[in-house]
file my_file_5.pdb (PDB, C-alpha atoms and all ligand atoms)
ATOM      1  CA  MET N   1      22.859-122.751-170.717
ATOM      2  CA  GLU N   2      25.170-123.044-167.744
ATOM      3  CA  VAL N   3      28.774-122.039-168.391
ATOM      4  CA  LEU N   4      30.153-125.409-167.298
ATOM      5  CA  GLU N   5      27.647-127.243-169.472
ATOM      6  CA  ALA N   6      28.573-125.017-172.431
ATOM      7  CA  ILE N   7      32.287-125.663-171.888
ATOM      8  CA  ARG N   8      31.765-129.415-171.788
ATOM      9  CA  SER N   9      29.286-129.758-174.662
ATOM     10  CA  ARG N  10      30.750-127.307-177.204
ATOM     11  CA  ARG N  11      32.260-129.055-180.211
ATOM     12  CA  SER N  12      34.118-127.826-183.253
ATOM     13  CA  ILE N  13      31.570-127.886-186.075
ATOM     14  CA  ARG N  14      32.693-128.536-189.635
ATOM     15  CA  ARG N  15      29.342-129.046-191.389
ATOM     16  CA  PHE N  16      26.817-126.236-191.458
ATOM     17  CA  LYS N  17      23.240-125.761-192.601
ATOM     18  CA  PRO N  18      22.868-123.026-195.214
ATOM     19  CA  ASP N  19      20.487-121.032-192.968
ATOM     20  CA  PRO N  20      21.749-117.508-192.260
ATOM     21  CA  VAL N  21      22.848-116.486-188.778
ATOM     22  CA  PRO N  22      20.308-113.991-187.400
ATOM     23  CA  GLU N  23      21.849-110.544-186.947
ATOM     24  CA  ARG N  24      20.823-110.375-183.275
ATOM     25  CA  LEU N  25      22.691-113.616-182.503
ATOM     26  CA  LEU N  26      25.732-112.525-184.466
ATOM     27  CA  LEU N  27      25.900-109.299-182.470
ATOM     28  CA  GLU N  28      25.548-111.235-179.209
ATOM     29  CA  ILE N  29      28.469-113.431-180.222
ATOM     30  CA  LEU N  30      30.674-110.476-181.152
ATOM     31  CA  ASP N  31      29.731-108.784-177.894
ATOM     32  CA  ALA N  32      30.815-111.883-175.964
ATOM     33  CA  GLY N  33      34.193-111.519-177.704
ATOM     34  CA  ARG N  34      34.375-107.874-176.685
ATOM     35  CA  TRP N  35      33.933-108.867-173.024
ATOM     36  CA  ALA N  36      36.904-111.229-173.021
ATOM     37  CA  PRO N  37      39.825-110.387-170.759
ATOM     38  CA  SER N  38      42.880-108.824-172.374
ATOM     39  CA  GLY N  39      46.371-108.033-171.120
ATOM     40  CA  GLY N  40      46.346-104.510-169.644
ATOM     41  CA  ASN N  41      42.774-104.261-170.973
ATOM     42  CA  ILE N  42      44.299-103.200-174.296
ATOM     43  CA  GLN N  43      41.559-104.966-176.288
ATOM     44  CA  PRO N  44      43.662-105.218-179.456
ATOM     45  CA  TRP N  45      41.049-107.311-181.275
ATOM     46  CA  LEU N  46      39.146-106.420-184.413
ATOM     47  CA  PHE N  47      36.352-108.637-185.729
ATOM     48  CA  ILE N  48      35.766-108.706-189.471
ATOM     49  CA  VAL N  49      32.451-110.370-190.208
ATOM     50  CA  VAL N  50      32.427-112.014-193.619
ATOM     51  CA  LYS N  51      28.967-112.751-195.033
ATOM     52  CA  ASP N  52      29.305-111.860-198.700
ATOM     53  CA  SER N  53      29.272-115.112-200.693
ATOM     54  CA  LYS N  54      32.106-114.110-203.041
ATOM     55  CA  THR N  55      34.323-113.060-200.141
ATOM     56  CA  LEU N  56      33.440-116.250-198.253
ATOM     57  CA  LYS N  57      34.502-118.262-201.301
ATOM     58  CA  LEU N  58      37.850-116.480-201.409
ATOM     59  CA  VAL N  59      38.401-116.937-197.672
ATOM     60  CA  LYS N  60      37.640-120.638-198.056
ATOM     61  CA  MET N  61      39.966-120.952-201.031
ATOM     62  CA  PHE N  62      42.907-119.731-198.952
ATOM     63  CA  SER N  63      41.986-121.624-195.769
ATOM     64  CA  PRO N  64      42.698-125.361-195.997
ATOM     65  CA  GLY N  65      41.556-125.749-192.378
ATOM     66  CA  LEU N  66      38.109-124.283-193.023
ATOM     67  CA  PHE N  67      35.616-127.105-193.488
ATOM     68  CA  GLY N  68      31.980-126.981-194.593
ATOM     69  CA  ASP N  69      30.198-123.925-195.942
ATOM     70  CA  PRO N  70      29.533-121.656-192.983
ATOM     71  CA  PRO N  71      27.254-118.696-193.768
ATOM     72  CA  VAL N  72      29.508-116.472-191.638
ATOM     73  CA  VAL N  73      33.221-116.356-190.970
ATOM     74  CA  VAL N  74      34.619-113.918-188.441
ATOM     75  CA  ALA N  75      38.255-112.975-188.953
ATOM     76  CA  ILE N  76      39.607-112.299-185.482
ATOM     77  CA  CYS N  77      42.440-109.850-186.007
ATOM     78  CA  SER N  78      44.786-107.966-183.730
ATOM     79  CA  ASP N  79      45.706-104.333-184.089
ATOM     80  CA  ARG N  80      49.444-104.685-183.442
ATOM     81  CA  LYS N  81      50.023-100.942-183.626
ATOM     82  CA  ARG N  82      47.513-100.250-180.891
ATOM     83  CA  ALA N  83      49.025-103.069-178.811
ATOM     84  CA  ARG N  84      52.551-101.686-179.208
ATOM     85  CA  GLU N  85      51.563 -98.107-178.454
ATOM     86  CA  VAL N  86      49.711 -99.036-175.272
ATOM     87  CA  GLY N  87      51.642-102.059-174.024
ATOM     88  CA  GLY N  88      55.016-102.186-175.766
ATOM     89  CA  LYS N  89      56.758-105.192-177.284
ATOM     90  CA  LEU N  90      55.167-107.807-175.014
ATOM     91  CA  ALA N  91      51.690-106.634-175.972
ATOM     92  CA  GLU N  92      52.548-106.399-179.657
ATOM     93  CA  GLU N  93      54.207-109.809-179.952
ATOM     94  CA  TYR N  94      52.502-111.963-177.355
ATOM     95  CA  LEU N  95      49.472-110.493-175.602
ATOM     96  CA  SER N  96      47.773-109.694-178.927
ATOM     97  CA  ILE N  97      47.668-113.374-179.814
ATOM     98  CA  VAL N  98      46.552-114.521-176.373
ATOM     99  CA  ASP N  99      43.877-111.813-176.210
ATOM    100  CA  CYS N 100      42.434-112.853-179.570
ATOM    101  CA  ALA N 101      42.333-116.468-178.373
ATOM    102  CA  MET N 102      40.414-115.338-175.264
ATOM    103  CA  ALA N 103      37.910-113.492-177.460
ATOM    104  CA  ALA N 104      37.623-116.522-179.726
ATOM    105  CA  GLN N 105      36.771-118.841-176.839
ATOM    106  CA  ASN N 106      34.134-116.422-175.540
ATOM    107  CA  MET N 107      32.592-116.261-179.004
ATOM    108  CA  MET N 108      32.559-120.032-179.427
ATOM    109  CA  LEU N 109      30.863-120.543-176.085
ATOM    110  CA  ALA N 110      28.341-117.784-176.813
ATOM    111  CA  ALA N 111      27.589-119.300-180.234
ATOM    112  CA  HIS N 112      27.049-122.702-178.654
ATOM    113  CA  ALA N 113      24.795-121.282-175.935
ATOM    114  CA  LEU N 114      22.724-119.625-178.690
ATOM    115  CA  GLY N 115      22.321-122.885-180.633
ATOM    116  CA  LEU N 116      24.954-122.116-183.257
ATOM    117  CA  GLY N 117      28.020-124.114-184.201
ATOM    118  CA  SER N 118      31.514-122.788-184.706
ATOM    119  CA  CYS N 119      35.075-123.826-185.382
ATOM    120  CA  ILE N 120      38.237-121.912-184.771
ATOM    121  CA  ILE N 121      40.650-122.057-187.686
ATOM    122  CA  LYS N 122      44.362-121.316-187.827
ATOM    123  CA  SER N 123      45.103-123.146-191.037
ATOM    124  CA  PHE N 124      44.860-120.283-193.530
ATOM    125  CA  SER N 125      47.205-118.171-195.595
ATOM    126  CA  ALA N 126      47.612-114.982-193.588
ATOM    127  CA  GLN N 127      49.028-113.266-196.647
ATOM    128  CA  ALA N 128      45.999-114.117-198.789
ATOM    129  CA  ILE N 129      43.451-113.341-196.066
ATOM    130  CA  ARG N 130      45.194-110.015-195.530
ATOM    131  CA  LYS N 131      44.624-109.194-199.205
ATOM    132  CA  VAL N 132      41.051-110.495-199.427
ATOM    133  CA  LEU N 133      39.972-108.532-196.342
ATOM    134  CA  LYS N 134      42.061-105.467-197.221
ATOM    135  CA  LEU N 135      43.836-105.479-193.879
ATOM    136  CA  PRO N 136      46.349-102.699-193.303
ATOM    137  CA  ASP N 137      49.909-103.752-192.402
ATOM    138  CA  HIS N 138      49.453-103.242-188.664
ATOM    139  CA  VAL N 139      46.411-105.546-188.500
ATOM    140  CA  GLU N 140      47.237-109.244-188.179
ATOM    141  CA  PRO N 141      44.684-111.985-188.948
ATOM    142  CA  GLU N 142      45.056-114.284-185.921
ATOM    143  CA  LEU N 143      42.192-116.748-186.208
ATOM    144  CA  LEU N 144      39.112-117.400-188.304
ATOM    145  CA  LEU N 145      35.857-118.404-186.646
ATOM    146  CA  SER N 146      33.288-120.197-188.776
ATOM    147  CA  LEU N 147      29.698-119.751-187.634
ATOM    148  CA  GLY N 148      26.372-121.264-188.586
ATOM    149  CA  TYR N 149      23.688-123.728-187.604
ATOM    150  CA  PRO N 150      25.355-127.106-187.075
ATOM    151  CA  ASP N 151      24.632-129.933-189.507
ATOM    152  CA  GLU N 152      26.473-132.544-187.443
ATOM    153  CA  GLN N 153      26.827-133.623-183.835
ATOM    154  CA  PRO N 154      30.437-134.730-183.481
ATOM    155  CA  GLN N 155      31.540-137.052-180.723
ATOM    156  CA  PRO N 156      33.819-135.308-178.231
ATOM    157  CA  PRO N 157      37.466-135.851-179.131
ATOM    158  CA  PRO N 158      39.210-137.379-176.098
ATOM    159  CA  ARG N 159      40.908-135.179-173.523
ATOM    160  CA  ARG N 160      44.116-136.031-171.713
ATOM    161  CA  PRO N 161      43.316-137.188-168.200
ATOM    162  CA  LEU N 162      43.652-134.572-165.460
ATOM    163  CA  GLU N 163      46.223-136.659-163.621
ATOM    164  CA  ASP N 164      48.579-136.341-166.611
ATOM    165  CA  ILE N 165      48.407-132.542-166.768
ATOM    166  CA  ALA N 166      47.683-131.197-163.287
ATOM    167  CA  PHE N 167      50.282-131.185-160.512
ATOM    168  CA  LEU N 168      50.298-130.151-156.896
ATOM    169  CA  ASP N 169      52.782-127.526-155.703
ATOM    170  CA  GLN N 170      55.538-128.643-158.060
ATOM    171  CA  TYR N 171      56.043-130.292-161.402
ATOM    172  CA  GLY N 172      55.543-134.021-161.318
ATOM    173  CA  GLU N 173      53.797-134.159-157.928
ATOM    174  CA  PRO N 174      50.413-135.821-158.510
ATOM    175  CA  LEU N 175      47.342-133.729-157.735
ATOM    176  CA  LEU N 176      45.077-136.706-158.198
ATOM    177  CA  LYS N 177      45.757-140.259-157.116
ATOM    178  CA  GLY N 178      44.323-141.911-160.270
ATOM    179  CA  GLY N 179      40.719-141.930-161.463
ATOM    180  CA  GLY N 180      40.826-138.823-163.707
ATOM    181  CA  GLU N 181      38.318-138.604-166.559
ATOM    182  CA  GLY N 182      39.185-139.355-170.187
TER     183      GLY N 182
HETATM  184  C1  LIG J   1      44.455-122.580-182.034
HETATM  185  C2  LIG J   1      43.519-123.550-182.710
HETATM  186  C3  LIG J   1      43.600-123.749-184.073
HETATM  187  C4  LIG J   1      42.720-124.615-184.706
HETATM  188  N1  LIG J   1      42.757-124.712-186.072
HETATM  189  C5  LIG J   1      41.869-125.508-186.692
HETATM  190  C6  LIG J   1      41.826-125.545-188.118
HETATM  191  O1  LIG J   1      42.586-124.892-188.822
HETATM  192  N2  LIG J   1      40.882-126.339-188.695
HETATM  193  C7  LIG J   1      40.005-127.076-187.958
HETATM  194  O2  LIG J   1      39.170-127.770-188.539
HETATM  195  N3  LIG J   1      40.016-127.064-186.597
HETATM  196  C8  LIG J   1      40.911-126.283-185.959
HETATM  197  N4  LIG J   1      40.913-126.215-184.587
HETATM  198  C9  LIG J   1      39.928-126.998-183.814
HETATM  199  C10 LIG J   1      40.563-128.190-183.096
HETATM  200  O3  LIG J   1      40.866-129.196-184.031
HETATM  201  C11 LIG J   1      39.560-128.717-182.026
HETATM  202  O4  LIG J   1      39.323-127.702-181.092
HETATM  203  C12 LIG J   1      40.067-129.970-181.310
HETATM  204  O5  LIG J   1      40.181-131.045-182.186
HETATM  205  C13 LIG J   1      39.134-130.376-180.167
HETATM  206  O6  LIG J   1      37.820-130.581-180.642
HETATM  207  P1  LIG J   1      36.581-129.781-179.996
HETATM  208  O7  LIG J   1      36.800-128.304-180.297
HETATM  209  O8  LIG J   1      35.354-130.319-180.678
HETATM  210  O9  LIG J   1      36.559-130.041-178.538
HETATM  211  C14 LIG J   1      41.769-125.349-183.949
HETATM  212  C15 LIG J   1      41.705-125.141-182.567
HETATM  213  C16 LIG J   1      42.545-124.243-181.956
HETATM  214  C17 LIG J   1      42.419-124.020-180.469
END

call {"tool": "encode", "arguments": {"input": "my_file_5.pdb", "output": "structure tokens", "more": "lines below"}}
Ligand SMILES: Cc1cc2nc3c(=O)[nH]c(=O)nc-3n(C[C@H](O)[C@H](O)[C@H](O)COP(=O)(O)O)c2cc1C
result
Amino acid sequence: MEVLEAIRSRRSIRRFKPDPVPERLLLEILDAGRWAPSGGNIQPWLFIVVKDSKTLKLVKMFSPGLFGDPPVVVAICSDRKRAREVGGKLAEEYLSIVDCAMAAQNMMLAAHALGLGSCIIKSFSAQAIRKVLKLPDHVEPELLLSLGYPDEQPQPPPRRPLEDIAFLDQYGEPLLKGGGEG
């Protein structure tokens, strides 16, 4: 699948088939995350793959934003200690979050290109997830990524038109003279 096609056609999936995610595909998806850019190439991310049904149940219990029953959830975490040691306060407090988001997007696009569905989830109790996954204090759960074969084909939620969000040279100067896509 072409990158641009993948970007356009990926959707957040919230209903999954019970079929397991083949190990080879899962590794490809994690590898796509590993190849994301990161500030100073610190690569603060850690990926905790949750497949055990009891652990999945617990993760779901503490994640109101996790919909459906995905066979896999990846907890995308940042190692804040590593970030601080290599990149200081900026890396610890800001780059870690941005880097994990970059990895998440790579993983979602890879999943989509491989025929899998995914949804990124921020609505979870970090405190509970920390306990369930036995995360040490310096490891922060940033995002959850649900993964599985899609059991729905959602319509694309609308996007703000380009003319509302893109400017030329300075704020407020139109880049486009009308006719942006919805
Ligand atoms: C940072 C972030 C947090 C999100 N958290 C949730 C969430 O907790 N639960 C959920 O169902 N979707 C979540 N989403 C998915 C968005 O709702 C979704 O990306 C948006 O509605 C656009 O739909 P699309 O991904 O199909 O294009 C999140 C997306 C992002 C980028």

call {"tool": "closest_residue", "arguments": {"input": "my_file_5.pdb", "among": "N:Glu173, N:Glu142, N:Glu152, N:Asp137", "to": "Ile120 in chain N", "atoms": "all atoms listed in the file"}}
result
N:Glu142

call {"tool": "closest_residue", "arguments": {"input": "my_file_5.pdb", "among": "N:Arg159, N:Lys89, N:Lys131, N:Arg34", "to": "ligand LIG 1 (chain J)", "atoms": "only C-alpha atoms and all ligand atoms"}}
result
N:Arg159

call {"tool": "resolve_selection", "arguments": {"input": "my_file_5.pdb", "expression": "the PyMOL selection byres (((chain N and resi 91) around 12) and not hetatm)", "output": "number ranges by chain"}}
result
N: 38-45, 78-90, 92-100

call {"tool": "closest_residue", "arguments": {"input": "my_file_5.pdb", "among": "N:Lys60, N:Arg14, N:Lys122, N:Lys134", "to": "Ile48 in chain N", "atoms": "only C-alpha atoms"}}
result
N:Lys134

call {"tool": "atom_distance", "arguments": {"input": "my_file_5.pdb", "atom1": "CA of Pro150 in chain N", "atom2": "CA of Arg130 in chain N"}}
result
27.5 Å

call {"tool": "closest_atom_pairs", "arguments": {"input": "my_file_5.pdb", "of": "chain N", "to": "ligand LIG 1 (chain J)", "cutoff": "12 Å", "atoms": "only C-alpha atoms and all ligand atoms", "output": "tab-separated table"}}
result
residue	atom	partner	partner_atom	distance
N:Ala6	CA	J:LIG1	O9	11.2
N:Ile7	CA	J:LIG1	O9	9.0
N:Arg8	CA	J:LIG1	O9	8.3
N:Ser9	CA	J:LIG1	O9	8.2
N:Arg10	CA	J:LIG1	O8	6.5
N:Arg11	CA	J:LIG1	O8	3.4
N:Ser12	CA	J:LIG1	O8	3.8
N:Ile13	CA	J:LIG1	O8	7.0
N:Arg14	CA	J:LIG1	O2	6.6
N:Arg15	CA	J:LIG1	O2	10.3
N:Lys60	CA	J:LIG1	O1	11.3
N:Phe62	CA	J:LIG1	O1	11.4
N:Ser63	CA	J:LIG1	O1	7.7
N:Pro64	CA	J:LIG1	O1	7.2
N:Gly65	CA	J:LIG1	N2	3.8
N:Leu66	CA	J:LIG1	N2	5.5
N:Phe67	CA	J:LIG1	O2	6.1
N:Gly68	CA	J:LIG1	O2	9.4
N:Ile76	CA	J:LIG1	C1	11.9
N:Ile97	CA	J:LIG1	C1	10.0
N:Val98	CA	J:LIG1	C1	10.1
N:Cys100	CA	J:LIG1	C1	10.2
N:Ala101	CA	J:LIG1	C1	7.4
N:Met102	CA	J:LIG1	C17	10.3
N:Ala103	CA	J:LIG1	C17	11.8
N:Ala104	CA	J:LIG1	C17	8.9
N:Gln105	CA	J:LIG1	C17	8.5
N:Met108	CA	J:LIG1	O7	9.3
N:Leu109	CA	J:LIG1	O7	10.6
N:His112	CA	J:LIG1	O7	11.4
N:Gly117	CA	J:LIG1	O8	10.2
N:Ser118	CA	J:LIG1	O7	8.8
N:Cys119	CA	J:LIG1	C9	6.0
N:Ile120	CA	J:LIG1	C14	5.0
N:Ile121	CA	J:LIG1	O1	3.6
N:Lys122	CA	J:LIG1	O1	4.1
N:Ser123	CA	J:LIG1	O1	3.8
N:Phe124	CA	J:LIG1	O1	7.0
N:Ser125	CA	J:LIG1	O1	10.6
N:Glu142	CA	J:LIG1	C1	9.2
N:Leu143	CA	J:LIG1	C3	7.5
N:Leu144	CA	J:LIG1	O1	8.3
N:Leu145	CA	J:LIG1	C5	9.3
N:Ser146	CA	J:LIG1	O2	9.6
N:Glu152	CA	J:LIG1	O8	11.4
N:Gln153	CA	J:LIG1	O8	9.7
N:Pro154	CA	J:LIG1	O8	7.2
N:Gln155	CA	J:LIG1	O8	7.7
N:Pro156	CA	J:LIG1	O8	5.8
N:Pro157	CA	J:LIG1	O6	5.5
N:Pro158	CA	J:LIG1	C13	8.1
N:Arg159	CA	J:LIG1	C13	8.4
N:Arg160	CA	J:LIG1	C13	11.3

call {"tool": "atom_distance", "arguments": {"input": "my_file_5.pdb", "atom1": "CA of Leu175 in chain N", "atom2": "CA of Leu162 in chain N"}}
result
8.6 Å

call {"tool": "atom_distance", "arguments": {"input": "my_file_5.pdb", "atom1": "CA of Ser53 in chain N", "atom2": "CA of Pro18 in chain N"}}
result
11.6 Å

call {"tool": "resolve_selection", "arguments": {"input": "my_file_5.pdb", "expression": "the PyMOL selection byres (((chain N and resi 25) around 12) and not hetatm)", "output": "ChimeraX atom specification"}}
result
/N:20-24,26-32,72,107,110-117,147-149

call {"tool": "closest_residue", "arguments": {"input": "my_file_5.pdb", "among": "N:Cys77, N:Phe47, N:Pro174, N:Val3", "to": "Pro141 in chain N", "atoms": "only C-alpha atoms"}}
result
N:Cys77

call {"tool": "closest_residue", "arguments": {"input": "my_file_5.pdb", "among": "N:Glu5, N:Trp35, N:Ala126, N:Val132", "to": "Lys54 in chain N", "atoms": "all atoms listed in the file"}}
result
N:Val132

call {"tool": "closest_residue", "arguments": {"input": "my_file_5.pdb", "among": "N:Val74, N:Leu4, N:Leu176, N:Leu168", "to": "Leu46 in chain N", "atoms": "only C-alpha atoms"}}
result
N:Val74
